[in-house]
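J.: Just one file: model13.cif, with mmCIF, C-alpha atoms.
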data_final
#
loop_
_atom_site.label_atom_id
_atom_site.label_comp_id
_atom_site.auth_asym_id
_atom_site.auth_seq_id
_atom_site.Cartn_x
_atom_site.Cartn_y
_atom_site.Cartn_z
CA MET A 389 0.00 0.00 0.00
CA ASP A 390 1.58 3.29 -1.12
CA SER A 391 2.16 6.03 1.44
CA SER A 392 -0.66 8.56 1.56
CA GLU A 393 -2.67 10.51 4.12
CA ILE A 394 -3.65 8.53 7.20
CA THR A 395 -6.88 9.38 9.01
CA LEU A 396 -7.79 8.20 12.51
CA GLU A 397 -11.13 7.52 14.16
CA ALA A 398 -12.48 5.65 17.17
CA VAL A 399 -15.56 3.44 17.06
CA SER A 400 -17.75 2.28 19.94
CA SER A 401 -18.20 -1.36 18.98
CA VAL A 402 -16.29 -4.10 17.20
CA SER A 403 -19.51 -4.70 15.24
CA GLN A 404 -18.86 -1.42 13.41
CA ILE A 405 -15.80 -3.00 11.78
CA ALA A 406 -16.16 -5.71 9.15
CA ALA A 407 -14.65 -9.00 10.31
CA GLU A 408 -12.54 -9.27 7.15
CA ASP A 409 -11.04 -5.80 7.74
CA TRP A 410 -10.32 -6.49 11.41
CA ASP A 411 -8.78 -9.90 10.77
CA ALA A 412 -6.71 -8.59 7.85
CA CYS A 413 -4.97 -6.41 10.44
CA ALA A 414 -5.05 -8.77 13.45
CA ASN A 415 -3.91 -12.00 11.77
CA PRO A 416 -2.88 -10.74 8.37
CA VAL A 417 -1.68 -13.94 6.67
CA PRO A 418 -4.50 -16.48 6.26
CA ALA A 419 -4.00 -20.21 6.71
CA ALA A 420 -2.82 -21.94 3.55
CA ALA A 421 -5.34 -23.89 1.54
CA GLY A 422 -5.53 -27.53 2.52
CA CYS A 423 -4.60 -27.08 6.19
CA PRO A 424 -6.46 -29.66 8.28
CA GLU A 425 -9.39 -28.45 10.37
CA GLY A 426 -8.00 -26.92 13.54
CA SER A 427 -4.50 -26.58 12.12
CA ARG A 428 -2.74 -23.26 11.57
CA ASP A 429 0.46 -24.71 10.13
CA GLY A 430 0.02 -22.74 6.93
CA LEU A 431 0.58 -19.41 8.63
CA LYS A 432 3.74 -17.47 7.86
CA SER A 433 3.30 -15.45 11.06
CA PRO A 434 1.78 -16.61 14.36
CA TYR A 435 -1.99 -16.77 14.53
CA ASN A 436 -3.29 -15.34 17.80
CA PRO A 437 -6.91 -16.25 18.57
CA PHE A 438 -7.34 -13.49 21.15
CA VAL A 439 -7.04 -10.68 18.61
CA ALA A 440 -9.47 -12.26 16.14
CA HIS A 441 -12.68 -10.34 15.37
CA ALA A 442 -14.69 -13.32 16.60
CA PHE A 443 -13.13 -13.14 20.07
CA PHE A 444 -13.82 -9.42 20.55
CA SER A 445 -17.28 -9.87 19.09
CA ALA A 446 -18.03 -12.59 21.65
CA LEU A 447 -16.77 -10.37 24.48
CA GLU A 448 -18.92 -7.40 23.46
CA ALA A 449 -22.05 -9.13 22.15
CA SER A 450 -22.23 -11.29 25.29
CA GLY A 451 -22.23 -8.27 27.59
CA SER A 452 -18.89 -9.25 29.12
CA ALA A 453 -16.94 -6.20 27.87
CA THR A 454 -19.31 -3.26 27.53
CA ALA A 455 -19.77 0.23 28.95
CA ARG A 456 -22.11 -1.27 31.57
CA THR A 457 -19.31 -3.48 32.91
CA GLY A 458 -16.79 -0.63 32.77
CA TRP A 459 -15.30 -1.58 29.39
CA GLY A 460 -16.57 1.00 26.89
CA PRO A 461 -15.17 0.14 23.43
CA ARG A 462 -13.11 2.87 21.76
CA HIS A 463 -11.35 0.89 19.05
CA LEU A 464 -8.88 3.09 17.18
CA LEU A 465 -8.78 2.80 13.38
CA ALA A 466 -6.17 4.10 10.94
CA ARG A 467 -7.44 4.49 7.37
CA GLN A 468 -5.30 4.97 4.31
CA ASP A 469 -7.06 5.79 1.03
CA GLY A 470 -10.31 4.82 2.73
CA VAL A 471 -9.04 1.33 3.64
CA ILE A 472 -8.60 0.25 7.25
CA ALA A 473 -4.84 -0.24 7.50
CA GLY A 474 -4.45 -0.50 11.27
CA ILE A 475 -6.45 -1.06 14.46
CA VAL A 476 -5.83 -0.81 18.19
CA PRO A 477 -8.37 -2.72 20.31
CA CYS A 478 -9.10 -0.15 23.01
CA TYR A 479 -11.56 0.47 25.85
CA LEU A 480 -12.51 3.48 27.96
CA LYS A 481 -12.53 2.16 31.50
CA SER A 482 -14.01 3.27 34.80
CA HIS A 483 -12.01 0.81 36.96
CA SER A 484 -8.88 -1.37 36.85
CA GLN A 485 -10.46 -4.82 37.06
CA GLY A 486 -9.80 -7.68 34.64
CA GLU A 487 -6.46 -6.36 33.39
CA TYR A 488 -3.71 -8.35 35.22
CA VAL A 489 -1.29 -5.41 35.05
CA PHE A 490 -1.95 -3.70 38.34
CA ASP A 491 -2.20 0.08 38.62
CA ARG A 492 -4.58 0.53 41.55
CA GLY A 493 -1.75 2.05 43.58
CA TRP A 494 -1.30 4.68 40.89
CA ALA A 495 -5.03 5.42 40.93
CA ASP A 496 -5.08 5.72 44.74
CA ALA A 497 -2.06 8.02 44.81
CA TYR A 498 -3.51 10.26 42.10
CA GLY A 499 -6.81 10.42 43.95
CA ARG A 500 -5.12 11.45 47.19
CA ALA A 501 -3.38 14.23 45.26
CA GLY A 502 -6.76 15.50 44.04
CA GLY A 503 -6.72 13.97 40.56
CA SER A 504 -9.19 11.67 38.81
CA TYR A 505 -7.55 8.54 37.43
CA TYR A 506 -10.74 7.31 35.74
CA PRO A 507 -11.68 7.19 32.97
CA LYS A 508 -8.55 5.71 31.47
CA LEU A 509 -7.92 4.01 28.13
CA GLN A 510 -6.95 0.34 28.04
CA ALA A 511 -5.48 -1.09 24.82
CA SER A 512 -5.73 -4.80 25.50
CA VAL A 513 -7.81 -7.94 25.19
CA PRO A 514 -10.26 -7.81 28.12
CA PHE A 515 -9.75 -10.39 30.87
CA THR A 516 -6.88 -12.01 28.92
CA PRO A 517 -3.30 -11.84 30.25
CA ALA A 518 -1.70 -13.19 27.09
CA THR A 519 0.97 -11.51 25.00
CA GLY A 520 -0.03 -10.60 21.47
CA PRO A 521 -0.07 -7.77 18.94
CA ARG A 522 -1.74 -4.56 20.07
CA LEU A 523 -0.96 -2.30 17.10
CA LEU A 524 -2.66 -4.37 14.43
CA VAL A 525 -1.54 -3.60 10.87
CA ARG A 526 -2.62 -4.93 7.48
CA GLU A 527 0.02 -7.01 5.71
CA ASP A 528 0.36 -4.75 2.64
CA ALA A 529 0.57 -1.50 4.66
CA ASP A 530 3.73 0.38 5.63
CA LYS A 531 3.93 -1.15 9.10
CA ASN A 532 6.23 1.44 10.64
CA GLU A 533 4.13 4.30 9.32
CA ILE A 534 0.82 2.83 10.46
CA ARG A 535 2.11 1.77 13.87
CA GLY A 536 3.53 5.24 14.41
CA ALA A 537 0.18 6.77 13.45
CA LEU A 538 -1.65 4.43 15.85
CA ALA A 539 0.73 5.27 18.70
CA GLY A 540 0.16 8.98 18.14
CA GLY A 541 -3.55 8.34 17.77
CA LEU A 542 -3.71 6.78 21.24
CA VAL A 543 -2.27 9.95 22.75
CA ALA A 544 -4.79 12.05 20.80
CA LEU A 545 -7.63 9.74 21.90
CA CYS A 546 -6.51 10.18 25.51
CA GLN A 547 -6.92 13.93 25.12
CA ALA A 548 -10.24 13.67 23.26
CA THR A 549 -11.82 11.41 25.89
CA GLU A 550 -10.32 13.39 28.81
CA ALA A 551 -8.76 10.17 30.08
CA SER A 552 -5.92 10.28 32.59
CA SER A 553 -3.80 7.74 30.77
CA VAL A 554 -3.43 5.03 28.13
CA HIS A 555 -2.30 1.52 29.04
CA VAL A 556 -1.13 -0.92 26.36
CA THR A 557 -0.79 -4.23 28.16
CA PHE A 558 0.73 -7.60 27.22
CA ALA A 559 2.21 -6.07 24.08
CA ARG A 560 5.00 -7.55 22.03
CA GLU A 561 8.47 -6.27 22.88
CA ALA A 562 8.89 -4.44 19.55
CA GLU A 563 5.62 -2.55 20.13
CA TRP A 564 6.75 -1.74 23.68
CA LYS A 565 9.90 -0.14 22.31
CA LEU A 566 8.02 1.77 19.61
CA LEU A 567 5.53 3.15 22.12
CA ALA A 568 8.40 4.32 24.32
CA SER A 569 9.56 6.50 21.43
CA HIS A 570 6.10 8.15 21.50
CA GLY A 571 6.27 9.07 25.18
CA PHE A 572 4.91 5.90 26.80
CA LEU A 573 6.51 4.66 30.01
CA GLN A 574 7.87 1.11 29.95
CA ARG A 575 6.79 -1.56 32.40
CA THR A 576 7.74 -5.22 32.71
CA ASP A 577 6.41 -8.18 34.64
CA GLN A 578 6.73 -11.92 34.29
CA GLN A 579 4.69 -15.00 33.61
CA PHE A 580 5.68 -18.66 33.45
CA HIS A 581 5.74 -20.39 30.06
CA TRP A 582 6.67 -23.89 28.94
CA ARG A 583 8.94 -24.24 25.91
CA ASN A 584 8.88 -27.21 23.56
CA GLN A 585 12.44 -28.27 22.78
CA GLY A 586 11.37 -30.66 20.04
CA TYR A 587 10.06 -33.26 22.47
CA ARG A 588 8.45 -36.36 20.99
CA SER A 589 6.63 -37.31 24.21
CA PHE A 590 6.02 -36.20 27.78
CA ASP A 591 8.74 -38.66 28.84
CA ASP A 592 11.19 -36.80 26.60
CA PHE A 593 10.36 -33.64 28.52
CA LEU A 594 10.69 -35.42 31.88
CA ALA A 595 14.17 -36.64 30.91
CA THR A 596 15.39 -33.03 30.89
CA LEU A 597 14.42 -32.51 34.55
CA ASN A 598 16.45 -33.31 37.62
CA SER A 599 15.53 -36.49 39.47
CA ARG A 600 13.62 -34.82 42.31
CA HIS A 601 11.28 -32.89 40.03
CA ARG A 602 10.89 -35.77 37.59
CA LYS A 603 9.74 -38.09 40.38
CA ALA A 604 7.42 -35.45 41.83
CA ILE A 605 5.67 -34.89 38.50
CA LYS A 606 5.20 -38.62 37.92
CA ARG A 607 3.68 -38.94 41.41
CA GLU A 608 1.39 -35.94 40.88
CA ARG A 609 0.10 -37.33 37.59
CA ARG A 610 -0.64 -40.71 39.17
CA GLU A 611 -2.42 -39.26 42.19
CA ALA A 612 -4.42 -36.79 40.09
CA LEU A 613 -6.13 -39.70 38.35
CA ALA A 614 -6.92 -41.67 41.49
CA ASP A 615 -10.55 -42.24 42.44
CA GLY A 616 -11.48 -43.26 38.90
CA ILE A 617 -10.88 -39.84 37.29
CA THR A 618 -10.46 -39.73 33.51
CA ILE A 619 -9.21 -36.81 31.39
CA HIS A 620 -10.75 -35.77 28.07
CA ALA A 621 -9.25 -33.28 25.58
CA LEU A 622 -12.08 -31.73 23.54
CA THR A 623 -11.79 -29.39 20.60
CA GLY A 624 -13.86 -28.43 17.56
CA ASN A 625 -17.03 -30.46 17.13
CA ASP A 626 -16.11 -32.69 20.08
CA ILE A 627 -17.10 -29.90 22.49
CA THR A 628 -20.72 -30.70 23.28
CA GLU A 629 -23.29 -28.41 24.84
CA GLU A 630 -23.11 -30.62 27.92
CA ALA A 631 -19.37 -29.95 28.19
CA TRP A 632 -19.89 -26.17 27.81
CA GLU A 633 -22.57 -26.17 30.51
CA ALA A 634 -20.33 -28.12 32.86
CA PHE A 635 -17.33 -25.92 32.21
CA PHE A 636 -19.33 -22.75 32.82
CA ALA A 637 -20.46 -24.14 36.17
CA PHE A 638 -16.80 -24.74 37.07
CA TYR A 639 -15.86 -21.25 35.93
CA MET A 640 -18.63 -19.64 37.99
CA GLU A 641 -17.82 -21.63 41.13
CA THR A 642 -14.11 -20.89 41.06
CA GLY A 643 -14.44 -17.33 39.72
CA SER A 644 -16.91 -16.40 42.44
CA ARG A 645 -14.41 -17.44 45.11
CA LYS A 646 -11.45 -15.67 43.43
CA TRP A 647 -13.00 -12.41 42.19
CA GLY A 648 -16.43 -12.16 43.77
CA ARG A 649 -18.06 -11.81 40.36
CA PRO A 650 -16.74 -13.72 37.32
CA TYR A 651 -16.10 -11.51 34.30
CA LEU A 652 -17.37 -13.71 31.45
CA THR A 653 -21.03 -14.55 30.81
CA ARG A 654 -22.51 -17.84 29.67
CA SER A 655 -23.31 -16.12 26.37
CA PHE A 656 -19.60 -15.45 25.82
CA PHE A 657 -18.81 -19.16 25.92
CA ALA A 658 -21.78 -19.94 23.69
CA LEU A 659 -20.57 -17.46 21.07
CA VAL A 660 -16.99 -18.73 21.25
CA GLY A 661 -18.32 -22.24 20.82
CA GLN A 662 -20.23 -21.19 17.71
CA THR A 663 -17.51 -19.14 16.03
CA MET A 664 -14.14 -20.33 17.37
CA ALA A 665 -14.54 -24.01 18.31
CA ARG A 666 -11.50 -24.97 16.23
CA ASP A 667 -9.41 -22.59 18.34
CA VAL A 668 -10.66 -23.95 21.69
CA LEU A 669 -9.28 -26.83 23.73
CA LEU A 670 -11.31 -27.92 26.74
CA ILE A 671 -9.46 -30.25 29.10
CA MET A 672 -12.19 -31.90 31.16
CA ALA A 673 -12.01 -34.31 34.10
CA ARG A 674 -14.75 -36.89 34.64
CA ARG A 675 -15.63 -39.12 37.60
CA ASN A 676 -18.66 -41.33 38.24
CA ASP A 677 -20.16 -40.40 34.86
CA ARG A 678 -20.12 -36.65 35.40
CA TRP A 679 -17.77 -33.77 34.63
CA ILE A 680 -16.01 -32.54 37.80
CA ALA A 681 -13.35 -30.08 36.60
CA GLY A 682 -12.04 -28.41 33.49
CA ALA A 683 -9.81 -25.80 31.89
CA ILE A 684 -10.29 -23.76 28.73
CA ASN A 685 -7.35 -23.16 26.41
CA PHE A 686 -7.07 -21.33 23.10
CA ILE A 687 -4.93 -22.68 20.26
CA GLY A 688 -2.62 -20.42 18.28
CA SER A 689 -0.40 -21.44 15.40
CA ASP A 690 2.59 -21.93 17.69
CA THR A 691 1.22 -21.39 21.23
CA LEU A 692 -1.37 -22.98 23.49
CA PHE A 693 -2.86 -20.31 25.75
CA GLY A 694 -4.24 -21.59 29.05
CA ARG A 695 -7.01 -19.39 30.41
CA ASN A 696 -9.67 -20.37 32.96
CA TRP A 697 -9.97 -23.35 35.31
CA GLY A 698 -12.70 -24.51 37.63
CA ALA A 699 -13.89 -27.54 39.59
CA ILE A 700 -16.82 -28.77 41.61
CA GLU A 701 -14.83 -31.58 43.21
CA HIS A 702 -11.33 -31.05 44.58
CA HIS A 703 -8.73 -33.81 44.29
CA PRO A 704 -4.98 -33.67 45.00
CA PHE A 705 -2.97 -32.45 42.00
CA LEU A 706 -5.96 -32.44 39.63
CA HIS A 707 -5.42 -28.74 38.93
CA PHE A 708 -1.82 -29.42 37.87
CA GLU A 709 -2.85 -32.31 35.64
CA VAL A 710 -5.67 -30.48 33.90
CA CYS A 711 -4.00 -27.09 33.52
CA TYR A 712 -0.28 -27.84 33.12
CA TYR A 713 0.55 -31.44 32.25
CA GLN A 714 -2.30 -32.01 29.80
CA ALA A 715 -1.39 -28.73 28.11
CA ILE A 716 2.18 -29.99 27.64
CA ASP A 717 0.87 -33.29 26.24
CA PHE A 718 -1.29 -31.40 23.73
CA ALA A 719 1.50 -29.02 22.72
CA ILE A 720 3.89 -31.91 22.07
CA ALA A 721 1.28 -33.78 20.03
CA ARG A 722 0.49 -30.67 17.94
CA GLY A 723 4.09 -29.52 17.63
CA LEU A 724 3.35 -26.20 19.35
CA LYS A 725 6.36 -24.23 20.56
CA THR A 726 4.97 -22.73 23.76
CA VAL A 727 2.37 -23.14 26.48
CA GLU A 728 1.37 -19.92 28.22
CA ALA A 729 -0.32 -20.82 31.48
CA GLY A 730 -1.78 -17.42 32.40
CA ALA A 731 -0.87 -14.88 35.03
CA GLN A 732 1.24 -15.33 38.18
CA GLY A 733 2.06 -18.62 39.89
CA GLU A 734 5.64 -19.42 40.90
CA HIS A 735 4.43 -22.98 41.62
CA LYS A 736 4.52 -23.47 37.84
CA ILE A 737 8.33 -23.44 37.86
CA ALA A 738 8.54 -26.90 39.45
CA ARG A 739 6.34 -28.14 36.58
CA GLY A 740 8.70 -26.91 33.87
CA TYR A 741 7.24 -23.45 33.24
CA LEU A 742 10.01 -20.84 33.38
CA PRO A 743 9.91 -17.04 33.79
CA GLN A 744 9.13 -15.01 30.68
CA THR A 745 9.14 -11.21 30.61
CA THR A 746 5.88 -9.48 29.71
CA TYR A 747 5.66 -5.89 28.47
CA SER A 748 3.26 -3.00 28.91
CA ALA A 749 3.45 0.68 27.94
CA HIS A 750 1.74 3.56 29.74
CA PHE A 751 1.05 7.11 28.64
CA ILE A 752 0.37 9.33 31.67
CA ALA A 753 -1.09 12.74 30.83
CA ASP A 754 -0.37 14.53 34.12
CA PRO A 755 3.35 15.49 34.29
CA SER A 756 3.62 15.09 38.06
CA LEU A 757 2.00 11.66 38.08
CA ARG A 758 4.07 10.69 35.06
CA HIS A 759 7.31 11.59 36.83
CA ALA A 760 6.40 9.63 39.97
CA ILE A 761 5.41 6.53 37.99
CA SER A 762 8.51 6.78 35.80
CA GLU A 763 10.76 6.67 38.86
CA TYR A 764 8.84 3.73 40.29
CA LEU A 765 9.02 1.77 37.01
CA LYS A 766 12.82 2.10 36.85
CA ARG A 767 13.09 0.24 40.15
CA GLU A 768 10.38 -2.26 39.22
CA ARG A 769 12.03 -3.19 35.90
CA ALA A 770 15.33 -3.88 37.67
CA TYR A 771 13.55 -6.03 40.26
CA VAL A 772 11.66 -8.02 37.59
CA ALA A 773 14.92 -8.71 35.71
CA ASP A 774 16.73 -9.83 38.85
CA ILE A 775 13.99 -12.12 40.10
CA GLY A 776 13.56 -13.63 36.64
CA ARG A 777 17.23 -14.62 36.54
CA GLU A 778 17.04 -16.09 40.05
CA LEU A 779 13.91 -18.12 39.34
CA THR A 780 15.29 -19.44 36.06
CA GLU A 781 18.48 -20.58 37.78
CA ALA A 782 16.39 -22.36 40.43
CA GLY A 783 14.31 -24.16 37.78
CA PRO A 784 13.74 -27.93 37.65
CA PHE A 785 15.92 -28.68 34.63
CA ARG A 786 19.09 -30.77 34.89
CA LYS A 787 22.34 -28.84 34.94
CA ALA A 788 25.11 -29.70 32.52
CA ASP A 789 26.99 -31.77 35.12
CA ASP A 790 23.93 -33.68 36.35
CA THR A 791 23.63 -37.32 35.40
CA PRO A 792 20.19 -38.78 34.65
CA ALA A 793 18.98 -41.25 37.28
CA ASP A 794 16.52 -44.07 36.93
CA ASP A 795 13.25 -43.45 38.67
#
Is it possible to give me this structure as structure tokens?
T.:
Amino acid sequence: MDSSEITLEAVSSVSQIAAEDWDACANPVPAAAGCPEGSRDGLKSPYNPFVAHAFFSALEASGSATARTGWGPRHLLARQDGVIAGIVPCYLKSHSQGEYVFDRGWADAYGRAGGSYYPKLQASVPFTPATGPRLLVREDADKNEIRGALAGGLVALCQATEASSVHVTFAREAEWKLLASHGFLQRTDQQFHWRNQGYRSFDDFLATLNSRHRKAIKRERREALADGITIHALTGNDITEEAWEAFFAFYMETGSRKWGRPYLTRSFFALVGQTMARDVLLIMARRNDRWIAGAINFIGSDTLFGRNWGAIEHHPFLHFEVCYYQAIDFAIARGLKTVEAGAQGEHKIARGYLPQTTYSAHFIADPSLRHAISEYLKRERAYVADIGRELTEAGPFRKADDTPADD
């Protein structure tokens, strides 16, 4: 696409953007013809299900992410010659819930100083702590030009909406650096991801661990399936309405205890089941002819994204089996490079999930607040880097001078 004038606008619903235009920016290279159902092997660049039009449509149409719940859509569009060349999924927010990059301390401090932190703009996928593109650009566009226009457009949108700030969370590192050049402050955190080193089986993976952790995982997997529990991996047409109903009950039970009010509605899962079933993996546990626990995952071209877990019966190590070990099994079978197991959780390290830096960028309109946050983030970035190195060194993998032992 030749360089020409770029115009910017914000729209109040994903439904105002044609799915083909959105997806041409979000996942710009389509799967090659002949790819098996559920496979994304034909992609030249990673397919990310969370930035697909269908995912945002399910969030908004279901009432999960709307102005009523504090997520007012303000999706930023960049047009070139009348064609949508770039998009930033963005929301005008009246709170800081469902984001997983915590800024409540900033809001409290600003309030004590007499400022109003809300509304703020959040450029993210609601309720989804998974790294992915945030400055979405069509394949045939000048990517640097469009991304620069979108970054500047976020600052302009902040002014137009009288928001205190813009927060681009779980961005890719290159976007994080670009946004810094447009005045955004840089923040880091960490999650715990599993990396596939070309394993042919779960036992191949276990062979890379030291003896203590290898034995512990084998014991956990055995005990998780005691009491007649069976595990079922469901995707595509194998996900029945009965399975969706059961999973939603698990989600509501566990979410109510963790957050008070779960974020996602039953309608969200129904819509995802209708439009994205090939991108969904439900790992479900069954005992005495009924579903008792489950986890929902989303399948990218090279990554399995673990999201929500729930249970109505609680058995030792069942959470680890359903959420972590079954995800590794699936990734190995599919040849996926990575399993992202969601936010927080240092207990994941012992299960082979190592620290991975995550990136967010923050534009703060008030100079005084900006200065205070900038100083804080310098210290926080250093701490995140240090703790990441320490946790990686303490990981479960065999050192070069370790000798494998029979279990």
J.: Tell me which of A:Phe636, A:Phe490, A:Phe708, A:Trp410 sits closest to Ala731 (chain A), counting all atoms listed in the file.
T.: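 Among the listed residues, the smallest separation from Ala731 (chain A) belongs to A:Phe490.
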J.: For Gly661 (chain A), which residue out of A:Tyr713, A:Phe443, A:Tyr498, A:Phe572 is the nearest one, using all atoms listed in the file?
T.: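 Closest to Gly661 (chain A) of all the choices is A:Phe443.
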J.: Can you measure CA of Gly586 (chain A) to CA of Glu728 (chain A) for me? One decimal in Å is fine.
T.: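 Taking CA of Gly586 (chain A) as the start and CA of Glu728 (chain A) as the end point, the length is 16.8 Å.
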J.: Residues within 6 Å of (-12.9, -26.4, 16.5), file coordinates, counting only C-alpha atoms: what are they? Give the list as a PDB file with C-alpha atoms, in the coordinates of the input.
T.:
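Below is the file that was written, out-v7.pdb:
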ATOM      1  CA  GLY A 426      -8.000 -26.920  13.540  1.00  0.00           C
ATOM      2  CA  THR A 623     -11.790 -29.390  20.600  1.00  0.00           C
ATOM      3  CA  GLY A 624     -13.860 -28.430  17.560  1.00  0.00           C
ATOM      4  CA  ASN A 625     -17.030 -30.460  17.130  1.00  0.00           C
ATOM      5  CA  ALA A 665     -14.540 -24.010  18.310  1.00  0.00           C
ATOM      6  CA  ARG A 666     -11.500 -24.970  16.230  1.00  0.00           C
ATOM      7  CA  ASP A 667      -9.410 -22.590  18.340  1.00  0.00           C
TER       8      ASP A 667
END
J.: Which is closest to Asp754 (chain A) among A:Glu408, A:Ala466, A:Arg492, A:Ser552, if we use all atoms listed in the file?
T.: A:Ser552
J.: For the file shown, what are the residues hit by the PyMOL selection byres ((chain A and resi 412) around 10), laid out as a ChimeraX atom specification?
T.: /A:406-411,413-418,440-441,472-474,524-528
J.: If you keep C-alpha atoms, can you produce a file of those selected residues as a PDB file, in the frame of the given file?
T.:
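What landed in part-v1.pdb:
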ATOM      1  CA  ALA A 406     -16.160  -5.710   9.150  1.00  0.00           C
ATOM      2  CA  ALA A 407     -14.650  -9.000  10.310  1.00  0.00           C
ATOM      3  CA  GLU A 408     -12.540  -9.270   7.150  1.00  0.00           C
ATOM      4  CA  ASP A 409     -11.040  -5.800   7.740  1.00  0.00           C
ATOM      5  CA  TRP A 410     -10.320  -6.490  11.410  1.00  0.00           C
ATOM      6  CA  ASP A 411      -8.780  -9.900  10.770  1.00  0.00           C
ATOM      7  CA  CYS A 413      -4.970  -6.410  10.440  1.00  0.00           C
ATOM      8  CA  ALA A 414      -5.050  -8.770  13.450  1.00  0.00           C
ATOM      9  CA  ASN A 415      -3.910 -12.000  11.770  1.00  0.00           C
ATOM     10  CA  PRO A 416      -2.880 -10.740   8.370  1.00  0.00           C
ATOM     11  CA  VAL A 417      -1.680 -13.940   6.670  1.00  0.00           C
ATOM     12  CA  PRO A 418      -4.500 -16.480   6.260  1.00  0.00           C
ATOM     13  CA  ALA A 440      -9.470 -12.260  16.140  1.00  0.00           C
ATOM     14  CA  HIS A 441     -12.680 -10.340  15.370  1.00  0.00           C
ATOM     15  CA  ILE A 472      -8.600   0.250   7.250  1.00  0.00           C
ATOM     16  CA  ALA A 473      -4.840  -0.240   7.500  1.00  0.00           C
ATOM     17  CA  GLY A 474      -4.450  -0.500  11.270  1.00  0.00           C
ATOM     18  CA  LEU A 524      -2.660  -4.370  14.430  1.00  0.00           C
ATOM     19  CA  VAL A 525      -1.540  -3.600  10.870  1.00  0.00           C
ATOM     20  CA  ARG A 526      -2.620  -4.930   7.480  1.00  0.00           C
ATOM     21  CA  GLU A 527       0.020  -7.010   5.710  1.00  0.00           C
ATOM     22  CA  ASP A 528       0.360  -4.750   2.640  1.00  0.00           C
TER      23      ASP A 528
END
J.: I'd like the residues picked by the PyMOL selection byres ((chain A and resi 705) around 7) written out as a VMD selection string, using the chain letters and numbers from the file.
T.: chain A and resid 608 611 to 612 703 to 704 706 to 709
J.: Run the PyMOL selection byres ((chain A and resi 605) around 10) mentally over the shown coordinates, then write out the matched residues as an MDAnalysis selection string, using the chain letters and numbers from the document.
T.: chainID A and resid 594 597 600:604 606:611 705 708:709 713 738:740
J.: Would you list the contacts of Phe751 (chain A) as a VMD selection string, taking every protein, DNA or RNA residue within 7 Å and counting all atoms listed in the file, but skipping same-chain residues closer than 5 positions in sequence?
T.: chain A and resid 553 to 555 571 to 573
J.: Can you measure CA of Asn696 (chain A) to CA of Leu669 (chain A) for me? One decimal in Å is fine.
T.: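 Result for CA of Asn696 (chain A) versus CA of Leu669 (chain A): 11.3 Å, one decimal.
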J.: Just the residues within 12 Å of Arg777 (chain A), please, counting all atoms listed in the file, with nothing from its chain fewer than 6 positions along; format it as a VMD selection string.
T.: chain A and resid 578 742 to 745 770 to 771 783
J.: Taking only C-alpha atoms into account, which of A:Tyr479, A:Phe593, A:Phe580, A:Phe438 comes nearest Thr549 (chain A)?
T.: A:Tyr479
J.: Let me make sure I understand: among A:Leu566, A:Thr395, A:Ser484, A:Ala719, which one has the smallest atom-to-atom distance to Gly541 (chain A) if we use only C-alpha atoms?
T.: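 So, comparing all the options, the nearest one is A:Thr395.
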J.: Provide the CA of Pro434 (chain A) to CA of His581 (chain A) distance in Å, to one decimal place.
T.: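 Atom-to-atom, CA of Pro434 (chain A) to CA of His581 (chain A), that is 16.6 Å.
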J.: With all atoms listed in the file as the atoms that count, which of A:Glu397, A:Asp717, A:Glu629, A:Asp690 lies nearest to Phe590 (chain A)?
T.: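 Distance minimum relative to Phe590 (chain A) lands on A:Asp717.
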J.: Pick out the residues sitting within 8 Å of Tyr639 (chain A), and hand them over as a ChimeraX atom specification; count all atoms listed in the file, and ignore anything fewer than 3 positions along from it in its own chain.
T.: /A:635-636,642-643,650,696-699
J.: Counting all atoms listed in the file, which residues of region 487-542 of chain A fall within 10 Å of region 453-462 of chain A, and what is the closest atom pair for each with its distance in Å at one decimal, ordered by chain and rising number, as JSON lines?
T.:
{"residue": "A:Pro507", "atom": "CA", "partner": "A:Gly458", "partner_atom": "CA", "distance": 9.3}
{"residue": "A:Leu509", "atom": "CA", "partner": "A:Arg462", "partner_atom": "CA", "distance": 8.3}
{"residue": "A:Gln510", "atom": "CA", "partner": "A:Trp459", "partner_atom": "CA", "distance": 8.7}
{"residue": "A:Ala511", "atom": "CA", "partner": "A:Arg462", "partner_atom": "CA", "distance": 9.1}
{"residue": "A:Val513", "atom": "CA", "partner": "A:Ala453", "partner_atom": "CA", "distance": 9.7}
{"residue": "A:Pro514", "atom": "CA", "partner": "A:Ala453", "partner_atom": "CA", "distance": 6.9}
{"residue": "A:Phe515", "atom": "CA", "partner": "A:Ala453", "partner_atom": "CA", "distance": 8.8}
